[in-house]
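Engineer: Next comes the structure file final36.pdb, holding PDB, C-alpha atoms.
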```
ATOM      1  CA  MET G 290     119.215  91.875 134.602
ATOM      2  CA  ALA G 291     116.690  92.420 131.821
ATOM      3  CA  VAL G 292     113.289  90.839 132.273
ATOM      4  CA  LYS G 293     112.487  88.337 129.554
ATOM      5  CA  VAL G 294     109.214  89.082 127.776
ATOM      6  CA  THR G 295     106.929  86.082 127.301
ATOM      7  CA  LYS G 296     105.257  85.176 124.007
ATOM      8  CA  ALA G 297     101.855  86.182 125.392
ATOM      9  CA  GLU G 298     103.184  89.614 126.345
ATOM     10  CA  LYS G 299     104.743  90.026 122.886
ATOM     11  CA  LYS G 300     101.372  89.299 121.274
ATOM     12  CA  VAL G 301      99.633  91.830 123.510
ATOM     13  CA  ASN G 302     102.239  94.493 122.737
ATOM     14  CA  TYR G 303     102.001  93.736 119.016
ATOM     15  CA  ASP G 304      98.186  94.032 119.136
ATOM     16  CA  LYS G 305      98.454  97.409 120.871
ATOM     17  CA  LYS G 306     101.010  98.694 118.366
ATOM     18  CA  LEU G 307      99.039  97.585 115.294
ATOM     19  CA  CYS G 308      95.721  98.886 116.655
ATOM     20  CA  LYS G 309      97.331 102.243 117.422
ATOM     21  CA  LEU G 310      98.657 102.450 113.853
ATOM     22  CA  LEU G 311      95.225 101.585 112.456
ATOM     23  CA  ASP G 312      93.728 104.441 114.511
ATOM     24  CA  THR G 313      96.372 106.887 113.280
ATOM     25  CA  TYR G 314      96.770 106.058 109.595
ATOM     26  CA  GLN G 315      94.226 105.664 106.809
ATOM     27  CA  GLN G 316      96.711 104.827 104.036
ATOM     28  CA  ILE G 317      98.574 101.518 103.959
ATOM     29  CA  LEU G 318     100.838  99.818 101.432
ATOM     30  CA  ILE G 319     100.871  96.016 101.537
ATOM     31  CA  VAL G 320     104.360  94.955 100.445
ATOM     32  CA  GLY G 321     105.970  91.621  99.625
ATOM     33  CA  ALA G 322     109.203  90.966 101.504
ATOM     34  CA  ASP G 323     110.613  87.830  99.879
ATOM     35  CA  ASN G 324     114.426  87.580 100.147
ATOM     36  CA  VAL G 325     114.678  90.932 101.963
ATOM     37  CA  GLY G 326     117.286  90.882 104.725
ATOM     38  CA  SER G 327     117.194  92.668 108.067
ATOM     39  CA  ASN G 328     119.894  95.194 107.071
ATOM     40  CA  GLN G 329     118.032  96.072 103.897
ATOM     41  CA  LEU G 330     114.799  96.447 105.856
ATOM     42  CA  GLN G 331     116.550  98.762 108.289
ATOM     43  CA  MET G 332     117.703 100.962 105.380
ATOM     44  CA  ILE G 333     114.125 101.159 104.110
ATOM     45  CA  ARG G 334     112.883 102.186 107.560
ATOM     46  CA  LYS G 335     115.469 104.969 107.686
ATOM     47  CA  GLY G 336     114.518 106.153 104.214
ATOM     48  CA  LEU G 337     110.824 106.344 105.101
ATOM     49  CA  ARG G 338     111.333 107.838 108.537
ATOM     50  CA  GLY G 339     109.170 110.895 109.105
ATOM     51  CA  ASP G 340     105.758 110.177 107.639
ATOM     52  CA  SER G 341     105.770 106.384 107.207
ATOM     53  CA  ILE G 342     106.164 103.347 109.476
ATOM     54  CA  VAL G 343     107.075  99.824 108.357
ATOM     55  CA  LEU G 344     105.507  96.986 110.362
ATOM     56  CA  MET G 345     106.380  93.353 109.799
ATOM     57  CA  GLY G 346     104.950  90.299 111.528
ATOM     58  CA  LYS G 347     103.295  86.940 111.136
ATOM     59  CA  ASN G 348     100.165  86.982 109.014
ATOM     60  CA  THR G 349      98.128  85.250 111.749
ATOM     61  CA  MET G 350      99.064  87.922 114.290
ATOM     62  CA  MET G 351      98.274  90.764 111.899
ATOM     63  CA  LYS G 352      94.906  89.238 110.952
ATOM     64  CA  ARG G 353      94.069  88.693 114.616
ATOM     65  CA  SER G 354      94.940  92.286 115.550
ATOM     66  CA  ILE G 355      92.894  93.688 112.658
ATOM     67  CA  ARG G 356      89.847  91.668 113.723
ATOM     68  CA  ILE G 357      90.255  92.801 117.344
ATOM     69  CA  HIS G 358      90.469  96.430 116.219
ATOM     70  CA  ALA G 359      87.352  96.060 114.047
ATOM     71  CA  GLU G 360      85.380  94.563 116.964
ATOM     72  CA  LYS G 361      86.465  97.275 119.411
ATOM     73  CA  THR G 362      85.936 100.270 117.125
ATOM     74  CA  GLY G 363      83.131  98.979 114.909
ATOM     75  CA  ASN G 364      85.182 100.066 111.893
ATOM     76  CA  ASN G 365      85.028  97.121 109.501
ATOM     77  CA  ALA G 366      86.834  98.936 106.686
ATOM     78  CA  PHE G 367      90.194  97.525 107.756
ATOM     79  CA  LEU G 368      88.876  93.970 107.357
ATOM     80  CA  ALA G 369      89.577  94.373 103.649
ATOM     81  CA  LEU G 370      93.274  94.094 104.533
ATOM     82  CA  ILE G 371      92.908  90.504 105.709
ATOM     83  CA  GLU G 372      92.559  89.103 102.185
ATOM     84  CA  CYS G 373      95.816  90.833 101.201
ATOM     85  CA  LEU G 374      97.870  89.240 103.978
ATOM     86  CA  VAL G 375      99.086  86.227 102.033
ATOM     87  CA  GLY G 376     102.704  85.083 101.891
ATOM     88  CA  ASN G 377     105.673  86.976 103.272
ATOM     89  CA  VAL G 378     104.193  90.469 103.489
ATOM     90  CA  GLY G 379     104.422  93.587 105.619
ATOM     91  CA  LEU G 380     102.518  96.849 106.104
ATOM     92  CA  ILE G 381     103.712 100.393 105.470
ATOM     93  CA  PHE G 382     101.531 102.972 107.231
ATOM     94  CA  THR G 383     101.857 106.453 105.755
ATOM     95  CA  LYS G 384     100.380 109.932 105.738
ATOM     96  CA  GLY G 385     102.359 111.002 102.694
ATOM     97  CA  ASP G 386     101.629 110.734  98.998
ATOM     98  CA  LEU G 387     101.155 107.076  98.123
ATOM     99  CA  LYS G 388     102.956 107.398  94.777
ATOM    100  CA  GLU G 389     105.979 109.065  96.367
ATOM    101  CA  VAL G 390     106.176 106.496  99.158
ATOM    102  CA  SER G 391     105.909 103.652  96.642
ATOM    103  CA  ASP G 392     108.716 105.163  94.542
ATOM    104  CA  GLU G 393     110.870 105.601  97.638
ATOM    105  CA  VAL G 394     110.405 101.954  98.617
ATOM    106  CA  SER G 395     111.373 100.761  95.125
ATOM    107  CA  LYS G 396     114.751 102.537  95.413
ATOM    108  CA  TYR G 397     116.025 100.157  98.071
ATOM    109  CA  LYS G 398     116.828  97.093  95.991
ATOM    110  CA  VAL G 399     119.930  95.003  96.597
ATOM    111  CA  GLY G 400     121.654  92.735  94.091
ATOM    112  CA  ALA G 401     121.665  89.068  95.036
ATOM    113  CA  PRO G 402     123.495  86.005  93.685
ATOM    114  CA  ALA G 403     121.665  83.098  92.075
ATOM    115  CA  ARG G 404     121.495  80.580  94.895
ATOM    116  CA  VAL G 405     120.739  76.922  94.249
ATOM    117  CA  GLY G 406     117.024  76.105  94.401
ATOM    118  CA  LEU G 407     115.926  79.745  94.125
ATOM    119  CA  VAL G 408     113.100  80.481  91.683
ATOM    120  CA  ALA G 409     114.348  82.969  89.108
ATOM    121  CA  PRO G 410     112.231  86.170  89.021
ATOM    122  CA  ILE G 411     113.707  87.140  85.629
ATOM    123  CA  ASP G 412     115.502  85.595  82.661
ATOM    124  CA  VAL G 413     119.270  85.377  83.163
ATOM    125  CA  VAL G 414     121.507  85.916  80.131
ATOM    126  CA  VAL G 415     125.292  85.604  80.212
ATOM    127  CA  PRO G 416     126.757  88.293  77.920
ATOM    128  CA  PRO G 417     129.570  87.602  75.466
ATOM    129  CA  GLY G 418     133.098  88.686  76.280
ATOM    130  CA  ASN G 419     136.238  87.733  78.153
ATOM    131  CA  THR G 420     135.499  85.985  81.456
ATOM    132  CA  GLY G 421     139.001  86.218  82.928
ATOM    133  CA  LEU G 422     138.898  82.482  83.754
ATOM    134  CA  ASP G 423     141.736  80.148  82.834
ATOM    135  CA  PRO G 424     141.167  77.352  80.269
ATOM    136  CA  SER G 425     140.800  74.722  83.012
ATOM    137  CA  GLN G 426     137.372  76.203  83.828
ATOM    138  CA  THR G 427     135.815  75.341  80.470
ATOM    139  CA  SER G 428     133.936  72.377  81.995
ATOM    140  CA  PHE G 429     131.356  74.748  83.484
ATOM    141  CA  PHE G 430     130.634  76.206  80.078
ATOM    142  CA  GLN G 431     130.448  72.809  78.393
ATOM    143  CA  VAL G 432     127.842  71.568  80.871
ATOM    144  CA  LEU G 433     125.630  74.571  80.076
ATOM    145  CA  ASN G 434     126.273  74.422  76.308
ATOM    146  CA  ILE G 435     127.863  77.852  76.221
ATOM    147  CA  PRO G 436     130.085  78.397  73.157
ATOM    148  CA  THR G 437     133.552  79.593  74.153
ATOM    149  CA  LYS G 438     137.048  80.013  72.811
ATOM    150  CA  ILE G 439     140.470  80.541  74.324
ATOM    151  CA  ASN G 440     141.762  84.055  73.793
ATOM    152  CA  LYS G 441     145.104  85.176  75.257
ATOM    153  CA  GLY G 442     145.086  82.396  77.816
ATOM    154  CA  THR G 443     141.548  83.041  79.129
ATOM    155  CA  VAL G 444     138.065  81.757  78.327
ATOM    156  CA  GLU G 445     135.956  84.043  76.165
ATOM    157  CA  ILE G 446     132.198  83.625  75.614
ATOM    158  CA  ILE G 447     131.351  83.951  71.928
ATOM    159  CA  THR G 448     127.589  84.663  71.962
ATOM    160  CA  PRO G 449     125.047  85.669  74.636
ATOM    161  CA  VAL G 450     123.371  82.638  76.199
ATOM    162  CA  GLU G 451     120.207  82.423  78.304
ATOM    163  CA  ILE G 452     121.044  79.974  81.096
ATOM    164  CA  ILE G 453     118.023  80.499  83.382
ATOM    165  CA  LYS G 454     114.444  81.280  82.417
ATOM    166  CA  LYS G 455     111.971  83.175  84.545
ATOM    167  CA  GLY G 456     110.125  80.827  86.912
ATOM    168  CA  GLU G 457     112.743  78.073  86.763
ATOM    169  CA  LYS G 458     114.791  76.933  89.764
ATOM    170  CA  VAL G 459     118.467  77.752  89.776
ATOM    171  CA  GLY G 460     120.651  74.654  89.377
ATOM    172  CA  SER G 461     124.032  74.009  90.960
ATOM    173  CA  SER G 462     125.910  74.455  87.650
ATOM    174  CA  GLU G 463     124.209  77.762  86.831
ATOM    175  CA  SER G 464     124.826  79.034  90.363
ATOM    176  CA  ALA G 465     128.507  78.070  90.297
ATOM    177  CA  LEU G 466     129.076  79.653  86.878
ATOM    178  CA  LEU G 467     127.405  82.957  87.773
ATOM    179  CA  SER G 468     129.385  83.031  91.000
ATOM    180  CA  LYS G 469     132.671  82.547  89.124
ATOM    181  CA  LEU G 470     131.701  85.327  86.706
ATOM    182  CA  LEU G 471     130.829  87.591  89.661
ATOM    183  CA  ILE G 472     127.334  88.122  88.258
ATOM    184  CA  LYS G 473     124.477  88.941  90.644
ATOM    185  CA  PRO G 474     121.497  88.595  88.315
ATOM    186  CA  PHE G 475     118.702  89.163  90.803
ATOM    187  CA  SER G 476     117.689  92.174  92.863
ATOM    188  CA  TYR G 477     115.318  92.116  95.796
ATOM    189  CA  GLY G 478     113.416  94.666  97.794
ATOM    190  CA  LEU G 479     109.969  95.431  99.154
ATOM    191  CA  ILE G 480     107.414  95.148  96.353
ATOM    192  CA  VAL G 481     104.074  96.944  96.655
ATOM    193  CA  GLN G 482     101.358  94.342  96.078
ATOM    194  CA  SER G 483      98.214  96.214  97.136
ATOM    195  CA  VAL G 484      97.207  99.683  98.299
ATOM    196  CA  TYR G 485      94.680 100.506 101.042
ATOM    197  CA  ASP G 486      93.221 104.002 101.113
ATOM    198  CA  ASN G 487      90.318 104.929 103.400
ATOM    199  CA  GLY G 488      88.536 101.593 103.134
ATOM    200  CA  SER G 489      89.350 100.859  99.479
ATOM    201  CA  VAL G 490      91.888  98.282  98.313
ATOM    202  CA  PHE G 491      93.274  98.573  94.792
ATOM    203  CA  SER G 492      96.218  97.551  92.622
ATOM    204  CA  PRO G 493      99.446  99.595  92.794
ATOM    205  CA  GLU G 494      99.139 100.153  89.029
ATOM    206  CA  VAL G 495      96.546 102.817  89.842
ATOM    207  CA  LEU G 496      99.329 104.918  91.384
ATOM    208  CA  GLU G 497     101.029 105.093  87.976
ATOM    209  CA  LEU G 498      98.047 106.809  86.326
ATOM    210  CA  THR G 499      98.628 110.414  85.280
ATOM    211  CA  ASP G 500      96.130 113.241  84.719
ATOM    212  CA  ASN G 501      96.321 112.623  80.968
ATOM    213  CA  ASP G 502      95.425 108.949  81.489
ATOM    214  CA  LEU G 503      92.387 109.922  83.561
ATOM    215  CA  VAL G 504      91.242 112.481  80.984
ATOM    216  CA  ALA G 505      91.622 109.951  78.161
ATOM    217  CA  ARG G 506      89.640 107.283  80.017
ATOM    218  CA  PHE G 507      86.927 109.785  80.936
ATOM    219  CA  ALA G 508      86.658 110.901  77.297
ATOM    220  CA  ALA G 509      86.398 107.281  76.141
ATOM    221  CA  GLY G 510      83.641 106.614  78.677
ATOM    222  CA  LEU G 511      81.804 109.775  77.646
ATOM    223  CA  THR G 512      81.951 108.687  73.999
ATOM    224  CA  ASN G 513      80.380 105.344  74.926
ATOM    225  CA  VAL G 514      77.601 107.102  76.860
ATOM    226  CA  VAL G 515      76.826 109.380  73.907
ATOM    227  CA  GLY G 516      76.802 106.449  71.470
ATOM    228  CA  LEU G 517      74.482 104.398  73.670
ATOM    229  CA  SER G 518      72.155 107.354  74.232
ATOM    230  CA  MET G 519      71.916 108.072  70.509
ATOM    231  CA  THR G 520      71.253 104.416  69.706
ATOM    232  CA  LEU G 521      68.496 104.070  72.297
ATOM    233  CA  ASN G 522      67.078 107.564  71.670
ATOM    234  CA  TYR G 523      67.466 108.161  75.393
ATOM    235  CA  PRO G 524      68.445 111.756  76.209
ATOM    236  CA  THR G 525      71.411 112.347  78.494
ATOM    237  CA  LEU G 526      73.340 115.503  79.281
ATOM    238  CA  ALA G 527      76.268 114.351  77.141
ATOM    239  CA  ALA G 528      74.041 113.480  74.161
ATOM    240  CA  ILE G 529      71.793 116.585  74.183
ATOM    241  CA  PRO G 530      74.052 118.688  71.857
ATOM    242  CA  HIS G 531      74.180 115.861  69.301
ATOM    243  CA  ILE G 532      70.402 115.306  69.522
ATOM    244  CA  PHE G 533      69.732 119.003  68.870
ATOM    245  CA  ILE G 534      72.118 119.082  65.884
ATOM    246  CA  ASN G 535      70.590 115.962  64.327
ATOM    247  CA  SER G 536      67.074 117.310  64.921
ATOM    248  CA  TYR G 537      67.995 120.603  63.301
ATOM    249  CA  LYS G 538      69.391 118.760  60.268
ATOM    250  CA  ASN G 539      66.149 116.800  59.930
ATOM    251  CA  VAL G 540      64.005 119.962  60.101
ATOM    252  CA  LEU G 541      66.265 121.744  57.624
ATOM    253  CA  SER G 542      66.096 118.817  55.204
ATOM    254  CA  PHE G 543      62.297 118.844  55.471
ATOM    255  CA  ALA G 544      62.183 122.600  54.796
ATOM    256  CA  ILE G 545      64.410 122.263  51.724
ATOM    257  CA  ALA G 546      62.289 119.447  50.309
ATOM    258  CA  THR G 547      58.978 121.266  50.911
ATOM    259  CA  GLU G 548      57.600 124.781  50.876
ATOM    260  CA  TYR G 549      57.836 125.011  54.677
ATOM    261  CA  SER G 550      60.406 127.551  55.740
ATOM    262  CA  PHE G 551      61.966 129.390  58.695
ATOM    263  CA  PRO G 552      64.653 132.106  58.856
ATOM    264  CA  GLN G 553      67.671 129.775  58.927
ATOM    265  CA  ALA G 554      66.236 127.658  56.104
ATOM    266  CA  GLU G 555      65.628 130.750  53.924
ATOM    267  CA  LYS G 556      69.347 131.427  53.809
ATOM    268  CA  VAL G 557      70.107 127.850  52.770
ATOM    269  CA  LYS G 558      67.415 127.901  50.104
ATOM    270  CA  GLU G 559      68.849 131.137  48.743
ATOM    271  CA  TYR G 560      72.266 129.527  48.393
ATOM    272  CA  LEU G 561      70.775 126.493  46.665
ATOM    273  CA  LYS G 562      68.976 128.667  44.114
ATOM    274  CA  ASP G 563      72.154 130.544  43.216
ATOM    275  CA  PRO G 564      75.201 128.226  43.458
ATOM    276  CA  SER G 565      77.489 131.030  42.328
ATOM    277  CA  LYS G 566      77.287 132.410  45.856
ATOM    278  CA  PHE G 567      79.420 129.508  46.909
ATOM    279  CA  ALA G 568      82.252 130.627  44.640
ATOM    280  CA  VAL G 569      85.227 131.948  46.540
ATOM    281  CA  ALA G 570      87.250 134.733  45.012
ATOM    282  CA  ALA G 571      90.455 133.221  43.632
ATOM    283  CA  PRO G 572      93.716 134.807  44.894
ATOM    284  CA  VAL G 573      95.465 137.079  42.425
ATOM    285  CA  ALA G 574      98.276 135.202  40.701
ATOM    286  CA  ALA G 575     101.764 136.528  41.330
ATOM    287  CA  ALA G 576     103.382 138.410  38.474
ATOM    288  CA  PRO G 577     105.702 136.199  36.430
ATOM    289  CA  SER G 578     109.401 136.790  36.883
ATOM    290  CA  ALA G 579     111.479 138.328  34.154
ATOM    291  CA  LYS G 580     113.066 134.983  33.360
ATOM    292  CA  GLY G 581     109.833 133.052  33.568
ATOM    293  CA  LYS G 582     107.450 132.428  30.749
ATOM    294  CA  ALA G 583     104.314 134.494  30.402
ATOM    295  CA  ALA G 584     101.163 132.940  31.744
ATOM    296  CA  PRO G 585      98.587 131.826  29.180
ATOM    297  CA  ALA G 586      96.016 134.444  28.362
ATOM    298  CA  LYS G 587      93.047 132.219  28.900
ATOM    299  CA  GLU G 588      92.446 129.354  31.270
ATOM    300  CA  GLU G 589      89.773 126.791  31.026
ATOM    301  CA  LYS G 590      86.962 127.436  33.405
ATOM    302  CA  LYS G 591      86.694 124.625  35.953
ATOM    303  CA  GLU G 592      83.360 123.437  37.137
ATOM    304  CA  GLU G 593      82.517 124.149  40.723
ATOM    305  CA  PRO G 594      82.287 120.894  42.739
ATOM    306  CA  GLU G 595      78.898 120.157  44.139
ATOM    307  CA  GLU G 596      78.725 120.383  47.909
ATOM    308  CA  ASP G 597      76.677 118.313  50.238
ATOM    309  CA  GLU G 598      73.783 119.830  52.129
ATOM    310  CA  ASP G 599      75.470 119.078  55.421
ATOM    311  CA  ASP G 600      78.387 121.233  54.250
ATOM    312  CA  PHE G 601      75.936 124.071  53.625
ATOM    313  CA  VAL G 602      74.644 123.796  57.151
ATOM    314  CA  GLY G 603      78.141 123.684  58.573
ATOM    315  CA  GLY G 604      79.131 126.751  56.562
ATOM    316  CA  LEU G 605      76.254 128.760  57.961
ATOM    317  CA  PHE G 606      77.081 128.119  61.570
ATOM    318  CA  ASP G 607      80.876 128.042  61.552
TER     319      ASP G 607
END
```
Go ahead and render the structure in this file as structure tokens.

Structural biologist:
Amino acid sequence: MAVKVTKAEKKVNYDKKLCKLLDTYQQILIVGADNVGSNQLQMIRKGLRGDSIVLMGKNTMMKRSIRIHAEKTGNNAFLALIECLVGNVGLIFTKGDLKEVSDEVSKYKVGAPARVGLVAPIDVVVPPGNTGLDPSQTSFFQVLNIPTKINKGTVEIITPVEIIKKGEKVGSSESALLSKLLIKPFSYGLIVQSVYDNGSVFSPEVLELTDNDLVARFAAGLTNVVGLSMTLNYPTLAAIPHIFINSYKNVLSFAIATEYSFPQAEKVKEYLKDPSKFAVAAPVAAAPSAKGKAAPAKEEKKEEPEEDEDDFVGGLFD
């Protein structure tokens, strides 16, 4: 005859199991488990078997075990998990890639009917088309103000109708209608709510960031640093190239406006004295075709557009 385990012994065993997992793993996914059945949870455990372990339990027991582990080991990093243990949640301990584990968990979603009193997680829209119901069932549609017509002895919905909005509770009429139409509008599974990684807790949205996203955000931050440094005249490593360029432009402008000179300025001054040096040799025009008209002998000479001094500087150092 099997020995019945007392509640006190269950708590002790649970504490030992959770503390052992905290010693072994440094990466944890905190997942919401609303409307997730035992069979579905078993499928998720099988799918994650190998490098991840799913642990469910009462929030009070998990908080208690985490505090006991922190007191015994002196590692207070796991205390950050306590604030995340709100509602119907569980823990997934893993040594694998957090993004891959999160994607694997999201695969195990099961369709569920709209039960009475359930809060709708999404908007529910009944599509148009033949329902297969006989005309005696039109009362359901009339209660919900769904336009219908009788087509070949069955009820047909004319236009799509939103019968439940996100956040609203499912009524008895809506539930009965969706059941008759064999529509399972909701899907449930473990939802990653927070991520713990070596003492840091962050949103699961961070796992969706790609290398391009990181590069773009770093570039935007670097631009802000350069702008602030230039405004405050405070030199930073990122702003040094821009400071040198602006300083060179100031010195060059001073040299052009005065008799002061230096080798780089001499070349600019020479160009300014003889603007014809800026003229670029025009490409030789293609010979006219036999059928085409001859090109005019003379063309009006176009004036050369004046160029800015900054363009001169850029031309010298391109």

Engineer: Carefully work through the PyMOL selection byres ((chain G and resi 494-505) around 12) for this structure and note down the residues it includes, as a short mmCIF file (atom, residue, chain, number, x, y, z; two decimals) with C-alpha atoms, in the coordinates of the input.

Structural biologist:
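Written out: expr00.cif:
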```
data_model
loop_
_atom_site.label_atom_id
_atom_site.label_comp_id
_atom_site.auth_asym_id
_atom_site.auth_seq_id
_atom_site.Cartn_x
_atom_site.Cartn_y
_atom_site.Cartn_z
CA LEU G 318 100.84 99.82 101.43
CA ASP G 386 101.63 110.73 99.00
CA LEU G 387 101.16 107.08 98.12
CA LYS G 388 102.96 107.40 94.78
CA GLU G 389 105.98 109.06 96.37
CA VAL G 390 106.18 106.50 99.16
CA SER G 391 105.91 103.65 96.64
CA ASP G 392 108.72 105.16 94.54
CA VAL G 481 104.07 96.94 96.66
CA GLN G 482 101.36 94.34 96.08
CA SER G 483 98.21 96.21 97.14
CA VAL G 484 97.21 99.68 98.30
CA TYR G 485 94.68 100.51 101.04
CA ASP G 486 93.22 104.00 101.11
CA VAL G 490 91.89 98.28 98.31
CA PHE G 491 93.27 98.57 94.79
CA SER G 492 96.22 97.55 92.62
CA PRO G 493 99.45 99.60 92.79
CA ARG G 506 89.64 107.28 80.02
CA PHE G 507 86.93 109.78 80.94
CA ALA G 508 86.66 110.90 77.30
CA ALA G 509 86.40 107.28 76.14
CA GLY G 510 83.64 106.61 78.68
CA LEU G 511 81.80 109.78 77.65
CA THR G 512 81.95 108.69 74.00
#
```

Engineer: So which residues touch Gly326 in chain G within 10 Å, counting all atoms listed in the file, skipping near sequence neighbours fewer than 6 positions away, as a PyMOL selection string?

Structural biologist: chain G and resi 399+477-478

Engineer: Out of G:Val378, G:Leu467, G:Ile371, G:Met350, which residue has the shortest atom-to-atom distance to Lys299 in chain G when counting only C-alpha atoms?

Structural biologist: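 Closest to Lys299 in chain G of all the choices is G:Met350.
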
Engineer: Applying the PyMOL selection byres ((chain G and resi 432) around 12) to the file I just gave you, which residues come out? Please list them as a list in words.

Structural biologist: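 Output from the PyMOL selection byres ((chain G and resi 432) around 12), applied to this file: Gln426, Thr427, Ser428, Phe429, Phe430, Gln431, Leu433, Asn434, Ile435, Pro436, Thr437, Ile452, Gly460, Ser461, Ser462, Glu463, Ala465 and Leu466 of chain G.
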
Engineer: Just how far from CA of Gln331 in chain G is CA of Gly488 in chain G, in Å to one decimal?

Structural biologist: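 CA of Gln331 in chain G lies 28.6 Å from CA of Gly488 in chain G.
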
Engineer: Can you tell me how far CA of Met351 in chain G sits from CA of Gly379 in chain G, in Å to one decimal?

Structural biologist: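 That distance, rounded to one decimal, is 9.2 Å.
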